[in-house]
Number of protein chains: 2
Amino acid sequence: MIIALAGGVGGAKLAQGLAAVLSPKDLKIIVNTGDDFTHMGLFISPDIDTVTYTLAGLNNKELGWGLTGETWYFMDALERLGGDTWFRLGDQDLATHIERTKRLKDQNLSQITADFCQRLGVKHPVIPMTDDSVQTVVETDIGTLPFQEYFVQHQCQPKFKSVRYEGIEKARPHPEFLAALADPELEAVILCPSNPLLSLRPILGIPGVTNALAKCTAPIVAVSPFIGGKAVKGPAAKIMTELNLPITPAGLISLYDDLLEDGLLDGLVIDTADVDQTDKLERPVIHAANTLMNSLEDSKRLAEQVLEFAAKVKRS
Amino acid sequence: MIIALAGGVGGAKLAQGLAAVLSPKDLKIIVNTGDDFTHMGLFISPDIDTVTYTLAGLNNKELGWGLTGETWYFMDALERLGGDTWFRLGDQDLATHIERTKRLKDQNLSQITADFCQRLGVKHPVIPMTDDSVQTVVETDIGTLPFQEYFVQHQCQPKFKSVRYEGIEKARPHPEFLAALADPELEAVILCPSNPLLSLRPILGIPGVTNALAKCTAPIVAVSPFIGGKAVKGPAAKIMTELNLPITPAGLISLYDDLLEDGLLDGLVIDTADVDQTDKLERPVIHAANTLMNSLEDSKRLAEQVLEFAAKVKRS
């Protein structure tokens with residue numbers, strides 16, 4: 001059994017590859033919810049939706065987010081009424097947010113996600129990292145910004161200084177996440193190629209998660225989101241530069257130092273474009289692969305390689 | 001200056017005709033809000049929207065409700081997620097409900113309506129009968145039904161026994177409505193051809209309204225929603241039958257007896273198809289016209305006739 005920790009697009013792509021090669025009972029996809037926010041009265045869970053839509057084969061490949069075949073009649077009408085238009089809500093996507101917001105009165109996010117997955121034909125479990133509220137907040141040169149304002153409204157333009165996850169100290173890891181970490185059948189924990197600071201650290205930072213990782217005997221393997229010193233998508237590389245960190249395997253690993261100390265990170269899959277950057281590293285064990293995922297075939301191939309590599313890596 | 005009391009489609013059509021022949025300062029359209037309800041977390045004000053969309057020339061003539069050129073991508077996606085689909089929310093229409101629901105935290109319904117009207121190019125004032133909550137509830141043979149459940153979910157099929165307007169005893173007429181009723185420039189109060197029980201009685205029943213009507217010197221003129229013993233649209237005729245009332249001018253007037261006593265209703269415009277039904281009536285003064293409105297030209301012609309008639313009718 002495999003645990004995959006995922007954020008948005010990159011994580012969703014590898015999760016889709018893993019789902020293509022593993023049975024539903026052999027994969028638990030734990031998703032970041034630090035980006036969740038309430039907009040116009042609607043509770044929006046961007047990473048949950050990206051993972052769910054991608055696994056359902058309904059993701060919009062042109063935009064890189066949202067639903068395929070999306071239309072924008074709502075947004076046009078909203079603009080006519082003088083509404084906020086910085087966060088683009090597609091007509092179909094709106095159904096997810098409105099229905100979820102309605103159900104949150106009686107159900108928690110993970111129950112709703114499980115039902116949506118079933119209705120959209122997603123068989124592999126998509127599990128929010130927590131059902132408690134965690135809010136990713138970014139400190140920038142123009143002030144404190146809730147994640148979506150930094151990410152969408154300001155298009156990641158402000159200079160990144162630091163990040164915090166409000167409420168994380170009181171959040172409880174999802175019980176299925178903890179149970180999977182303690183499961184003797186667990187074969188690997190995979191950190192998907194999502195943003196380390198914005199997507200993966202919120203998951204790893206929930207009280208109890210690193211303890212459970214330290215106790216489990218399965219190796220922890222990260223997949224780098226960088227190719228040739230650049231991020232495939234999103235602000236990861238820009239943030240590394242603003243934090244004066246090299247966009248290398250060592251720079252990436254340094255982002256986990258405090259959480260995954262004592263060599264907890266056992267393996268790292270990097271892109272073949274970055275093999276010349278690895279010579280000074282003893283741990284983790286490095287595996288080079290073509291990490292670019294432009295199709296389901298790419299995702300499946302990478303998933304197979306990651307699983308093969310993870311099977312060989314031992315806990316230190 | 002003219003006050004028009006309006007509910008949904010029929011009222012909106014005559015209001016549109018009145019707006020075509022009167023300047024914005026000479027017409028106040030007071031709209032029923034007893035049908036307002038919260039659905040999926042969204043505050044929906046059907047009559048306000050019907051009147052606003054109609055005056056903006058954006059009403060959907062095929063459906064008889066909602067916006068022209070409406071699309072249904074949201075509803076299809078909602079159905080896929082197992083959401084409630086009995087109340088049809090179009091993609092463009094959703095923008096009205098979401099933006100209004102958001103603004104209701106800081107503004108009242110009339111402020112929001114005024115802004116939406118301005119943005120949609122509606123120059124004549126559309127004024128909610130009250131900014132307080134009034135909920136029309138129907139007693140039927142299958143039990144108590146909130147108005148929209150009776151009207152939309154059950155398609156008016158249950159047998160109508162009685163109606164009440166919850167909260168009306170604490171509601172305050174909109175200040176502009178009261179001010180218009182007390183305005184010495186007021187020339188007529190027109191009860192548009194809306195459902196007497198479901199649209200007009202909620203307006204007339206707000207404490208203070210009938211007193212103000214009794215004090216004003218302008219005539220009160222109703223336009224019948226019936227043609228040849230049938231309602232043009234909606235359940236008005238079915239309800240009359242279920243209440244054992246004749247679908248005649250006398251039957252219609254009897255619905256106002258308790259509110260507009262002592263001959264407060266000065267004039268009644270009926271359809272030419274119903275002239276043979278009027279012989280026993282002394283008050284109100286009757287005027288027969290072609291009341292069917294299939295086009296803006298029809299609405300304008302009827303509005304002109306109603307205004308001409310109202311100018312001749314005296315207070316009893």
# chains A, B, ... in the order shown; residues from 1 in each chain; ligands from 1

call {"tool": "residues_around", "arguments": {"residues": "range 269-286 of chain B", "least_positions_apart": "4", "cutoff": "8 Å", "atoms": "only C-alpha atoms", "output": "PyMOL selection string"}}
result
chain B and resi 221-224+226-229+248-250+263+265+290-292+306+313

call {"tool": "write_last_selection", "arguments": {"atoms": "C-alpha atoms", "output": "short mmCIF file (atom, residue, chain, number, x, y, z; two decimals), in the first residue's frame"}}
result
data_model
loop_
_atom_site.label_atom_id
_atom_site.label_comp_id
_atom_site.auth_asym_id
_atom_site.auth_seq_id
_atom_site.Cartn_x
_atom_site.Cartn_y
_atom_site.Cartn_z
CA VAL B 221 -56.91 50.68 -9.74
CA ALA B 222 -56.44 46.93 -10.15
CA VAL B 223 -55.75 45.14 -13.42
CA SER B 224 -57.30 41.69 -13.51
CA PHE B 226 -57.82 36.75 -15.59
CA ILE B 227 -58.94 36.51 -19.19
CA GLY B 228 -62.12 34.61 -19.98
CA GLY B 229 -62.15 32.90 -16.61
CA THR B 248 -64.99 36.79 -12.28
CA PRO B 249 -64.41 40.45 -11.43
CA ALA B 250 -66.58 39.97 -8.31
CA GLY B 263 -64.69 50.96 -1.56
CA LEU B 265 -60.56 49.80 -4.71
CA ASN B 290 -57.33 43.84 -24.18
CA THR B 291 -55.18 42.81 -21.19
CA LEU B 292 -53.10 40.13 -22.89
CA VAL B 306 -54.74 51.89 -17.50
CA VAL B 313 -61.56 57.36 -11.80
#

call {"tool": "residues_around", "arguments": {"residues": "Ala15 in chain A", "least_positions_apart": "3", "cutoff": "12 Å", "atoms": "only C-alpha atoms", "output": "ChimeraX atom specification"}}
result
/A:2-12,18-22,24,27-31,48,50-57,122,124-126,190-194,223,293,296,298-304,306-307

call {"tool": "residues_around", "arguments": {"residues": "Val134 in chain A", "least_positions_apart": "3", "cutoff": "6 Å", "atoms": "only C-alpha atoms", "output": "ChimeraX atom specification"}}
result
/A:34,165-168

call {"tool": "closest_atom_pairs", "arguments": {"of": "chain A", "to": "chain B", "cutoff": "9 Å", "atoms": "only C-alpha atoms", "output": "CSV"}}
result
residue,atom,partner,partner_atom,distance
A:Met40,CA,B:Lys102,CA,5.6
A:Gly41,CA,B:Lys102,CA,6.2
A:Leu42,CA,B:Gly41,CA,8.9
A:Glu70,CA,B:Tyr73,CA,8.4
A:Thr71,CA,B:Tyr73,CA,7.5
A:Trp72,CA,B:Asp91,CA,8.3
A:Tyr73,CA,B:Gln92,CA,5.6
A:Phe74,CA,B:Gln92,CA,4.7
A:Met75,CA,B:Ala95,CA,7.3
A:Asp76,CA,B:Gln92,CA,7.6
A:Ala77,CA,B:Gln92,CA,5.2
A:Leu78,CA,B:Ala95,CA,4.9
A:Glu79,CA,B:Ala95,CA,8.6
A:Arg80,CA,B:Arg119,CA,6.7
A:Leu81,CA,B:Arg119,CA,6.0
A:Gly82,CA,B:Arg119,CA,7.6
A:Gly83,CA,B:Glu99,CA,6.3
A:Asp84,CA,B:Glu99,CA,8.7
A:Gly90,CA,B:Phe74,CA,8.5
A:Asp91,CA,B:Phe74,CA,4.9
A:Gln92,CA,B:Phe74,CA,4.7
A:Asp93,CA,B:Phe74,CA,7.6
A:Leu94,CA,B:Phe74,CA,6.5
A:Ala95,CA,B:Leu78,CA,4.9
A:Thr96,CA,B:Leu78,CA,7.2
A:Ile98,CA,B:Met40,CA,6.9
A:Glu99,CA,B:Gly83,CA,6.3
A:Thr101,CA,B:Gly41,CA,7.8
A:Lys102,CA,B:Met40,CA,5.6
A:Arg103,CA,B:Met40,CA,8.9
A:Asp115,CA,B:Leu81,CA,8.2
A:Phe116,CA,B:Leu81,CA,6.0
A:Arg119,CA,B:Leu81,CA,6.0
A:Leu120,CA,B:Arg80,CA,7.4

call {"tool": "atom_distance", "arguments": {"atom1": "CA of Leu200 in chain B", "atom2": "CA of Leu264 in chain B"}}
result
14.9 Å

call {"tool": "atom_distance", "arguments": {"atom1": "CA of Tyr256 in chain B", "atom2": "CA of Ser110 in chain B"}}
result
26.5 Å

call {"tool": "select_by_dssp", "arguments": {"residues": "range 37-252 of chain A", "states": "helix (DSSP H, G or I)", "output": "VMD selection string"}}
result
chain A and resid 46 to 55 73 to 80 91 to 103 109 to 119 147 to 153 168 to 170 175 to 182 196 to 204 209 to 215 236 to 242 249 to 252

call {"tool": "select_by_dssp", "arguments": {"residues": "range 62-170 of chain A", "states": "strand (DSSP E or B)", "output": "PDB file with N, CA and C atoms, in the first residue's frame"}}
result
ATOM      1  N   LEU A  67     -12.307  22.434 -14.734  1.00  0.00           N
ATOM      2  CA  LEU A  67     -12.926  21.321 -15.449  1.00  0.00           C
ATOM      3  C   LEU A  67     -12.794  21.462 -16.963  1.00  0.00           C
ATOM      4  N   VAL A 126      -9.432   9.783  -2.146  1.00  0.00           N
ATOM      5  CA  VAL A 126      -8.863  11.131  -2.071  1.00  0.00           C
ATOM      6  C   VAL A 126      -9.208  11.671  -0.692  1.00  0.00           C
ATOM      7  N   ILE A 127      -8.182  11.865   0.134  1.00  0.00           N
ATOM      8  CA  ILE A 127      -8.410  12.162   1.552  1.00  0.00           C
ATOM      9  C   ILE A 127      -7.815  13.523   1.908  1.00  0.00           C
ATOM     10  N   PRO A 128      -8.635  14.461   2.380  1.00  0.00           N
ATOM     11  CA  PRO A 128      -8.077  15.735   2.847  1.00  0.00           C
ATOM     12  C   PRO A 128      -7.100  15.473   3.984  1.00  0.00           C
ATOM     13  N   GLN A 135      -5.037  27.402   7.310  1.00  0.00           N
ATOM     14  CA  GLN A 135      -5.042  28.482   6.321  1.00  0.00           C
ATOM     15  C   GLN A 135      -3.615  28.893   6.002  1.00  0.00           C
ATOM     16  N   THR A 136      -3.192  28.644   4.795  1.00  0.00           N
ATOM     17  CA  THR A 136      -1.859  29.056   4.376  1.00  0.00           C
ATOM     18  C   THR A 136      -1.848  30.562   4.130  1.00  0.00           C
ATOM     19  N   VAL A 137      -0.897  31.231   4.800  1.00  0.00           N
ATOM     20  CA  VAL A 137      -0.788  32.695   4.704  1.00  0.00           C
ATOM     21  C   VAL A 137       0.652  33.031   4.331  1.00  0.00           C
ATOM     22  N   VAL A 138       0.812  33.899   3.370  1.00  0.00           N
ATOM     23  CA  VAL A 138       2.140  34.225   2.862  1.00  0.00           C
ATOM     24  C   VAL A 138       2.533  35.633   3.303  1.00  0.00           C
ATOM     25  N   GLU A 139       3.742  35.755   3.880  1.00  0.00           N
ATOM     26  CA  GLU A 139       4.292  37.089   4.164  1.00  0.00           C
ATOM     27  C   GLU A 139       5.059  37.538   2.936  1.00  0.00           C
ATOM     28  N   THR A 140       4.728  38.717   2.446  1.00  0.00           N
ATOM     29  CA  THR A 140       5.381  39.214   1.230  1.00  0.00           C
ATOM     30  C   THR A 140       5.854  40.650   1.436  1.00  0.00           C
ATOM     31  N   GLY A 143       3.048  42.862   2.176  1.00  0.00           N
ATOM     32  CA  GLY A 143       2.250  42.556   3.364  1.00  0.00           C
ATOM     33  C   GLY A 143       1.808  41.106   3.422  1.00  0.00           C
ATOM     34  N   THR A 144       0.968  40.837   4.413  1.00  0.00           N
ATOM     35  CA  THR A 144       0.464  39.489   4.636  1.00  0.00           C
ATOM     36  C   THR A 144      -0.662  39.191   3.652  1.00  0.00           C
ATOM     37  N   LEU A 145      -0.573  38.060   2.957  1.00  0.00           N
ATOM     38  CA  LEU A 145      -1.609  37.712   1.981  1.00  0.00           C
ATOM     39  C   LEU A 145      -2.120  36.293   2.219  1.00  0.00           C
ATOM     40  N   PRO A 146      -3.441  36.131   2.364  1.00  0.00           N
ATOM     41  CA  PRO A 146      -3.998  34.773   2.344  1.00  0.00           C
ATOM     42  C   PRO A 146      -3.570  34.113   1.035  1.00  0.00           C
ATOM     43  N   PHE A 160       8.208  36.755  -1.967  1.00  0.00           N
ATOM     44  CA  PHE A 160       7.880  35.812  -0.896  1.00  0.00           C
ATOM     45  C   PHE A 160       8.895  35.939   0.235  1.00  0.00           C
ATOM     46  N   LYS A 161       8.410  36.154   1.456  1.00  0.00           N
ATOM     47  CA  LYS A 161       9.327  36.218   2.607  1.00  0.00           C
ATOM     48  C   LYS A 161       9.221  34.977   3.477  1.00  0.00           C
ATOM     49  N   SER A 162       8.002  34.585   3.788  1.00  0.00           N
ATOM     50  CA  SER A 162       7.811  33.384   4.614  1.00  0.00           C
ATOM     51  C   SER A 162       6.365  32.935   4.491  1.00  0.00           C
ATOM     52  N   VAL A 163       6.107  31.758   5.033  1.00  0.00           N
ATOM     53  CA  VAL A 163       4.760  31.220   4.969  1.00  0.00           C
ATOM     54  C   VAL A 163       4.403  30.663   6.331  1.00  0.00           C
ATOM     55  N   ARG A 164       3.147  30.745   6.683  1.00  0.00           N
ATOM     56  CA  ARG A 164       2.693  30.075   7.904  1.00  0.00           C
ATOM     57  C   ARG A 164       1.339  29.445   7.607  1.00  0.00           C
ATOM     58  N   TYR A 165       0.987  28.478   8.454  1.00  0.00           N
ATOM     59  CA  TYR A 165      -0.234  27.708   8.235  1.00  0.00           C
ATOM     60  C   TYR A 165      -1.117  27.915   9.455  1.00  0.00           C
ATOM     61  N   GLU A 166      -1.999  28.888   9.359  1.00  0.00           N
ATOM     62  CA  GLU A 166      -2.807  29.254  10.529  1.00  0.00           C
ATOM     63  C   GLU A 166      -3.746  28.120  10.924  1.00  0.00           C
TER      64      GLU A 166
END

call {"tool": "residues_around", "arguments": {"residues": "Pro184 in chain B", "least_positions_apart": "3", "cutoff": "10 Å", "atoms": "only C-alpha atoms", "output": "number ranges by chain"}}
result
B: 1, 179-181, 187, 216-218

call {"tool": "write_last_selection", "arguments": {"atoms": "N, CA and C atoms", "output": "compact mmCIF listing (two decimals), in the first residue's frame"}}
result
# COMPACT_ATOMS: atom_id res chain seq x y z
N MET B 1 -47.31 61.21 -10.53
CA MET B 1 -46.48 60.05 -10.15
C MET B 1 -47.39 58.84 -9.89
N ALA B 179 -43.39 56.90 1.49
CA ALA B 179 -43.23 58.30 1.06
C ALA B 179 -44.01 58.54 -0.23
N ALA B 180 -43.98 57.58 -1.14
CA ALA B 180 -44.71 57.74 -2.40
C ALA B 180 -46.22 57.78 -2.15
N LEU B 181 -46.68 56.94 -1.21
CA LEU B 181 -48.12 56.91 -0.90
C LEU B 181 -48.58 58.24 -0.29
N GLU B 187 -50.71 60.11 -8.42
CA GLU B 187 -51.90 60.17 -9.28
C GLU B 187 -52.69 58.87 -9.31
N CYS B 216 -54.49 58.41 1.10
CA CYS B 216 -54.06 59.09 -0.12
C CYS B 216 -55.27 59.41 -0.99
N THR B 217 -55.16 60.45 -1.75
CA THR B 217 -56.30 60.90 -2.56
C THR B 217 -56.28 60.32 -3.96
N ALA B 218 -55.23 59.64 -4.31
CA ALA B 218 -55.15 59.05 -5.65
C ALA B 218 -56.00 57.79 -5.71

call {"tool": "closest_residue", "arguments": {"among": "A:Pro173, A:Asp47, A:Arg315, A:Asn60", "to": "Thr210 in chain A", "atoms": "only C-alpha atoms"}}
result
A:Pro173

call {"tool": "atom_distance", "arguments": {"atom1": "CA of Pro175 in chain A", "atom2": "CA of Pro207 in chain A"}}
result
12.6 Å

call {"tool": "residues_around", "arguments": {"residues": "Gly251 in chain A", "least_positions_apart": "5", "cutoff": "8 Å", "atoms": "only C-alpha atoms", "output": "list of chain:residue names"}}
result
A:Met240, A:Leu245, A:Pro246

call {"tool": "write_last_selection", "arguments": {"atoms": "C-alpha atoms", "output": "PDB file, in the first residue's frame"}}
result
ATOM      1  CA  MET A 240      13.314  29.397  -3.844  1.00  0.00           C
ATOM      2  CA  LEU A 245      17.952  28.825  -1.908  1.00  0.00           C
ATOM      3  CA  PRO A 246      19.512  27.073  -4.897  1.00  0.00           C
TER       4      PRO A 246
END

call {"tool": "decode", "arguments": {"residues": "range 133-170 of chain B", "atoms": "C-alpha atoms", "output": "PDB file, in the first residue's frame"}}
result
ATOM      1  CA  SER B 133     -38.357  39.134   6.031  1.00  0.00           C
ATOM      2  CA  VAL B 134     -41.826  38.034   4.913  1.00  0.00           C
ATOM      3  CA  GLN B 135     -42.308  34.383   3.986  1.00  0.00           C
ATOM      4  CA  THR B 136     -45.331  33.278   2.026  1.00  0.00           C
ATOM      5  CA  VAL B 137     -46.460  29.866   3.235  1.00  0.00           C
ATOM      6  CA  VAL B 138     -49.259  27.854   1.644  1.00  0.00           C
ATOM      7  CA  GLU B 139     -51.534  25.426   3.483  1.00  0.00           C
ATOM      8  CA  THR B 140     -52.417  22.579   1.134  1.00  0.00           C
ATOM      9  CA  ASP B 141     -54.017  19.181   1.225  1.00  0.00           C
ATOM     10  CA  ILE B 142     -50.530  17.626   1.531  1.00  0.00           C
ATOM     11  CA  GLY B 143     -49.507  19.956   4.346  1.00  0.00           C
ATOM     12  CA  THR B 144     -47.773  23.282   4.884  1.00  0.00           C
ATOM     13  CA  LEU B 145     -45.480  24.291   2.026  1.00  0.00           C
ATOM     14  CA  PRO B 146     -43.099  27.239   1.792  1.00  0.00           C
ATOM     15  CA  PHE B 147     -44.077  29.151  -1.342  1.00  0.00           C
ATOM     16  CA  GLN B 148     -41.325  27.929  -3.670  1.00  0.00           C
ATOM     17  CA  GLU B 149     -41.950  24.313  -2.727  1.00  0.00           C
ATOM     18  CA  TYR B 150     -45.638  24.764  -3.544  1.00  0.00           C
ATOM     19  CA  PHE B 151     -44.956  26.761  -6.692  1.00  0.00           C
ATOM     20  CA  VAL B 152     -41.862  25.137  -8.208  1.00  0.00           C
ATOM     21  CA  GLN B 153     -41.207  21.794  -6.532  1.00  0.00           C
ATOM     22  CA  HIS B 154     -44.872  20.729  -6.495  1.00  0.00           C
ATOM     23  CA  GLN B 155     -45.860  22.764  -9.572  1.00  0.00           C
ATOM     24  CA  CYS B 156     -48.955  24.101  -7.693  1.00  0.00           C
ATOM     25  CA  GLN B 157     -50.492  20.632  -7.844  1.00  0.00           C
ATOM     26  CA  PRO B 158     -51.496  20.311  -4.146  1.00  0.00           C
ATOM     27  CA  LYS B 159     -54.931  21.711  -3.355  1.00  0.00           C
ATOM     28  CA  PHE B 160     -54.710  25.250  -2.008  1.00  0.00           C
ATOM     29  CA  LYS B 161     -56.421  25.777   1.351  1.00  0.00           C
ATOM     30  CA  SER B 162     -55.043  29.069   2.639  1.00  0.00           C
ATOM     31  CA  VAL B 163     -51.994  31.270   2.633  1.00  0.00           C
ATOM     32  CA  ARG B 164     -50.158  33.197   5.305  1.00  0.00           C
ATOM     33  CA  TYR B 165     -47.235  35.590   5.218  1.00  0.00           C
ATOM     34  CA  GLU B 166     -44.883  34.750   8.057  1.00  0.00           C
ATOM     35  CA  GLY B 167     -43.235  37.755   9.642  1.00  0.00           C
ATOM     36  CA  ILE B 168     -45.556  40.251   7.976  1.00  0.00           C
ATOM     37  CA  GLU B 169     -46.797  41.622  11.295  1.00  0.00           C
ATOM     38  CA  LYS B 170     -43.263  42.819  12.072  1.00  0.00           C
TER      39      LYS B 170
END
